[in-house]
Amino acid sequence: MTTDILLIRHGQASFGAQNYDVLSEQGQRQAEVLAAHLKESAEAPLDRVIHGTLTRQRDTAAAYLRQPQVVDTSRQQEHPGFNEFQAEHIVRHYLPRVIRQQPELGQLLTGENGFHRNFQPLLLATLGSWQSCEFPRDDLESWPAFRQRVRNAMADILADARPGERIGVFTSGGVIAVLLQQVLGTDDSLLRHLNYRIANASVSCLTHEQGQLHLAYFNNYSHLQPADLVTFR
């Protein structure tokens with residue numbers, strides 16, 4: 001019998017606001033629709049609910065735990081290993097060096113709020129430098145450290161996973177990409193390929209059987225489509 005591990009991305013955060021790490025109004029609606037979907041798509045609530053320490057992850061999990069007949073049956077755990085990488089810090093640290101190599105990127109910073117308005121291409125431009133461990137900083141988690149942290153967090157879950165369990169991990173896109181890289185055996189570029197392709201409040205599923213992790217499905221957000229709630233940031 002397999003153990004199902006649902007990798008659930010948090011609802012939309014408040015990008016561009018003073019505090020990014022809170023669910024936007026859209027994100028709150030996504031979390032509520034997701035919660036109903038998780039409860040209705042299975043005969044029983046999740047056996048375990050695990051989330052990182054970030055507010056957007058915790059609040060997305062809380063929407064599920066508020067569902068009737070869920071809170072008394074699901075074991076809840078907070079695990080910092082499932083926190084996202086420091087995206088804005090990465091961009092601000094590496095961008096000046098990347099712009100010297102690709103001056104055209106500097107144009108993305110022009111105009112009102114250019115940094116946040118063009119954050120996606122700026123992040124993609126700097127992720128490679130971060131992953132290559134160029135110009136490390138003591139206060140910025142490195143790519144190898146982030147990748148190992150996520151893998152260790154999953155190992156913690158699997159250490160006491162029971163056959164037949166359904167475990168929900170409420171986390172972020174970068175974490176999900178690292179776990180998919182591990183399962184599929186791909187190289188580090190998968191993080192860049194999947195960045196902004198994993199929908200908010202989407203569900204991916206890994207199965208664990210006989211010591212092996214396998215991908216069951218990826219990036220299901222069909223529950224959001226009827227309500228026109230699909231977003232990727």
# chains A, B, ... in the order shown; residues from 1 in each chain; ligands from 1
$ select_by_dssp --residues "region 22-92 of chain A" --states "alpha helix (DSSP H)" --output "VMD selection string"
chain A and resid 25 to 40 55 to 65 87 to 92
$ write_last_selection --atoms "N, CA and C atoms" --output "compact mmCIF listing (two decimals), in the first residue's frame"
# COMPACT_ATOMS: atom_id res chain seq x y z
N GLU A 25 -6.48 38.91 -1.26
CA GLU A 25 -7.91 38.56 -1.26
C GLU A 25 -8.16 37.39 -2.21
N GLN A 26 -7.51 37.43 -3.37
CA GLN A 26 -7.62 36.31 -4.32
C GLN A 26 -7.05 35.04 -3.70
N GLY A 27 -5.93 35.16 -3.00
CA GLY A 27 -5.31 34.01 -2.37
C GLY A 27 -6.18 33.38 -1.30
N GLN A 28 -6.91 34.19 -0.56
CA GLN A 28 -7.82 33.67 0.45
C GLN A 28 -8.96 32.88 -0.19
N ARG A 29 -9.47 33.40 -1.29
CA ARG A 29 -10.53 32.67 -2.01
C ARG A 29 -9.99 31.35 -2.57
N GLN A 30 -8.77 31.40 -3.11
CA GLN A 30 -8.15 30.17 -3.62
C GLN A 30 -8.01 29.13 -2.52
N ALA A 31 -7.57 29.58 -1.34
CA ALA A 31 -7.38 28.66 -0.22
C ALA A 31 -8.70 28.01 0.19
N GLU A 32 -9.77 28.77 0.16
CA GLU A 32 -11.08 28.23 0.54
C GLU A 32 -11.58 27.21 -0.48
N VAL A 33 -11.40 27.52 -1.76
CA VAL A 33 -11.82 26.58 -2.82
C VAL A 33 -10.96 25.32 -2.74
N LEU A 34 -9.67 25.50 -2.54
CA LEU A 34 -8.76 24.36 -2.40
C LEU A 34 -9.18 23.49 -1.22
N ALA A 35 -9.50 24.11 -0.09
CA ALA A 35 -9.88 23.36 1.11
C ALA A 35 -11.10 22.48 0.83
N ALA A 36 -12.09 23.05 0.19
CA ALA A 36 -13.29 22.26 -0.14
C ALA A 36 -12.95 21.13 -1.09
N HIS A 37 -12.08 21.41 -2.05
CA HIS A 37 -11.67 20.38 -3.01
C HIS A 37 -10.96 19.23 -2.31
N LEU A 38 -10.03 19.53 -1.40
CA LEU A 38 -9.29 18.48 -0.71
C LEU A 38 -10.22 17.62 0.13
N LYS A 39 -11.21 18.23 0.74
CA LYS A 39 -12.13 17.48 1.59
C LYS A 39 -13.08 16.63 0.75
N GLU A 40 -13.55 17.18 -0.37
CA GLU A 40 -14.56 16.49 -1.17
C GLU A 40 -13.97 15.42 -2.08
N THR A 55 3.74 32.72 6.67
CA THR A 55 2.32 33.02 6.91
C THR A 55 1.44 32.52 5.77
N ARG A 56 1.88 32.71 4.54
CA ARG A 56 1.04 32.31 3.40
C ARG A 56 0.85 30.79 3.34
N GLN A 57 1.85 30.05 3.78
CA GLN A 57 1.71 28.59 3.83
C GLN A 57 0.80 28.17 4.98
N ARG A 58 1.03 28.78 6.13
CA ARG A 58 0.24 28.44 7.32
C ARG A 58 -1.23 28.77 7.11
N ASP A 59 -1.52 29.92 6.50
CA ASP A 59 -2.92 30.33 6.34
C ASP A 59 -3.64 29.50 5.27
N THR A 60 -2.90 29.03 4.27
CA THR A 60 -3.52 28.14 3.29
C THR A 60 -3.88 26.81 3.94
N ALA A 61 -2.99 26.30 4.78
CA ALA A 61 -3.30 25.07 5.52
C ALA A 61 -4.47 25.29 6.48
N ALA A 62 -4.52 26.46 7.12
CA ALA A 62 -5.59 26.75 8.08
C ALA A 62 -6.96 26.72 7.43
N ALA A 63 -7.04 27.16 6.17
CA ALA A 63 -8.33 27.11 5.47
C ALA A 63 -8.84 25.68 5.35
N TYR A 64 -7.91 24.76 5.12
CA TYR A 64 -8.31 23.35 5.07
C TYR A 64 -8.70 22.84 6.45
N LEU A 65 -7.93 23.19 7.46
CA LEU A 65 -8.18 22.69 8.80
C LEU A 65 -9.47 23.23 9.40
N ALA A 87 13.63 34.68 -2.61
CA ALA A 87 13.61 35.15 -4.00
C ALA A 87 14.03 36.61 -4.14
N GLU A 88 13.43 37.50 -3.37
CA GLU A 88 13.74 38.92 -3.54
C GLU A 88 15.19 39.22 -3.15
N HIS A 89 15.68 38.58 -2.13
CA HIS A 89 17.08 38.77 -1.74
C HIS A 89 18.03 38.29 -2.83
N ILE A 90 17.67 37.19 -3.48
CA ILE A 90 18.50 36.67 -4.57
C ILE A 90 18.57 37.69 -5.70
N VAL A 91 17.43 38.23 -6.09
CA VAL A 91 17.41 39.19 -7.19
C VAL A 91 18.23 40.43 -6.84
N ARG A 92 18.02 40.97 -5.67
CA ARG A 92 18.72 42.21 -5.30
C ARG A 92 20.22 41.98 -5.20
$ residues_around --residues "Val98 (chain A)" --least-positions-apart "6" --cutoff "10 Å" --atoms "only C-alpha atoms" --output "list of chain:residue names"
A:Val91, A:Leu105, A:Gly106, A:Leu122, A:Ala125, A:Thr126, A:Gly128, A:Ser129
$ atom_distance --atom1 "CA of Ser41 (chain A)" --atom2 "CA of Ile5 (chain A)"
14.5 Å
$ atom_distance --atom1 "CA of Ala153 (chain A)" --atom2 "CA of Arg192 (chain A)"
21.3 Å
$ residues_around --residues "region 140-145 of chain A" --least-positions-apart "5" --cutoff "8 Å" --atoms "only C-alpha atoms" --output "PyMOL selection string"
chain A and resi 85-86+89-90+130-133
$ write_last_selection --atoms "C-alpha atoms" --output "PDB file, in the first residue's frame"
ATOM      1  CA  PHE A  85      13.930  30.267  -0.989  1.00  0.00           C
ATOM      2  CA  GLN A  86      14.680  33.991  -0.537  1.00  0.00           C
ATOM      3  CA  HIS A  89      17.075  38.773  -1.740  1.00  0.00           C
ATOM      4  CA  ILE A  90      18.499  36.672  -4.572  1.00  0.00           C
ATOM      5  CA  TRP A 130      22.500  31.761  -7.398  1.00  0.00           C
ATOM      6  CA  GLN A 131      22.502  28.087  -8.386  1.00  0.00           C
ATOM      7  CA  SER A 132      26.106  28.298  -9.603  1.00  0.00           C
ATOM      8  CA  CYS A 133      27.097  29.571  -6.132  1.00  0.00           C
TER       9      CYS A 133
END
$ select_by_dssp --residues "region 2-186 of chain A" --states "strand (DSSP E or B)" --output "PyMOL selection string"
chain A and resi 3-9+13+23+48-51+75-78+166-171
$ closest_atom_pairs --of "region 157-194 of chain A" --to "region 209-229 of chain A" --cutoff "10 Å" --atoms "only C-alpha atoms" --output "CSV"
residue,atom,partner,partner_atom,distance
A:Leu158,CA,A:Gly211,CA,8.6
A:Ala159,CA,A:Gly211,CA,9.9
A:Arg162,CA,A:Glu209,CA,9.9
A:Pro163,CA,A:Glu209,CA,7.8
A:Gly164,CA,A:Glu209,CA,9.8
A:Ile176,CA,A:Phe218,CA,9.7
A:Leu179,CA,A:Leu213,CA,9.6
A:Leu180,CA,A:Leu215,CA,7.6
A:Gln182,CA,A:Leu213,CA,8.9
A:Val183,CA,A:Leu213,CA,6.1
A:Leu184,CA,A:Leu215,CA,7.8
$ write_last_selection --atoms "N, CA and C atoms" --output "mmCIF file, in the first residue's frame"
data_model
loop_
_atom_site.group_PDB
_atom_site.id
_atom_site.type_symbol
_atom_site.label_atom_id
_atom_site.label_comp_id
_atom_site.auth_asym_id
_atom_site.auth_seq_id
_atom_site.Cartn_x
_atom_site.Cartn_y
_atom_site.Cartn_z
ATOM 1 N N LEU A 158 9.022 11.057 5.570
ATOM 2 C CA LEU A 158 9.022 9.649 5.175
ATOM 3 C C LEU A 158 9.496 8.735 6.306
ATOM 4 N N ALA A 159 10.245 9.295 7.244
ATOM 5 C CA ALA A 159 10.794 8.469 8.326
ATOM 6 C C ALA A 159 9.700 7.803 9.145
ATOM 7 N N ARG A 162 3.266 6.096 7.206
ATOM 8 C CA ARG A 162 2.633 4.788 7.281
ATOM 9 C C ARG A 162 1.932 4.468 5.964
ATOM 10 N N PRO A 163 1.970 3.213 5.531
ATOM 11 C CA PRO A 163 1.246 2.832 4.310
ATOM 12 C C PRO A 163 -0.228 3.214 4.420
ATOM 13 N N GLY A 164 -0.744 3.802 3.348
ATOM 14 C CA GLY A 164 -2.146 4.194 3.317
ATOM 15 C C GLY A 164 -2.408 5.596 3.797
ATOM 16 N N ILE A 176 8.473 22.638 -4.194
ATOM 17 C CA ILE A 176 7.885 21.599 -5.036
ATOM 18 C C ILE A 176 8.827 21.250 -6.179
ATOM 19 N N LEU A 179 11.650 18.966 -4.991
ATOM 20 C CA LEU A 179 11.213 17.600 -4.764
ATOM 21 C C LEU A 179 10.959 16.867 -6.080
ATOM 22 N N LEU A 180 10.444 17.580 -7.071
ATOM 23 C CA LEU A 180 10.262 16.963 -8.382
ATOM 24 C C LEU A 180 11.609 16.646 -9.010
ATOM 25 N N GLN A 182 14.264 15.812 -7.445
ATOM 26 C CA GLN A 182 14.745 14.615 -6.770
ATOM 27 C C GLN A 182 14.055 13.364 -7.314
ATOM 28 N N VAL A 183 12.752 13.417 -7.468
ATOM 29 C CA VAL A 183 11.995 12.248 -7.910
ATOM 30 C C VAL A 183 12.302 11.898 -9.366
ATOM 31 N N LEU A 184 12.413 12.924 -10.210
ATOM 32 C CA LEU A 184 12.597 12.693 -11.646
ATOM 33 C C LEU A 184 14.062 12.546 -12.043
#
$ closest_residue --among "A:Ser172, A:Ser24, A:Gly111, A:His208" --to "Leu194 (chain A)" --atoms "only C-alpha atoms"
A:Ser172
$ closest_residue --among "A:His93, A:Val150, A:Cys205, A:Pro80" --to "Pro136 (chain A)" --atoms "only C-alpha atoms"
A:His93
$ residues_around --residues "Gln76 (chain A)" --least-positions-apart "5" --cutoff "9 Å" --atoms "only C-alpha atoms" --output "list in words"
Asp47, Arg48, Val49, Ile50, His51, Leu65 and Val71 of chain A
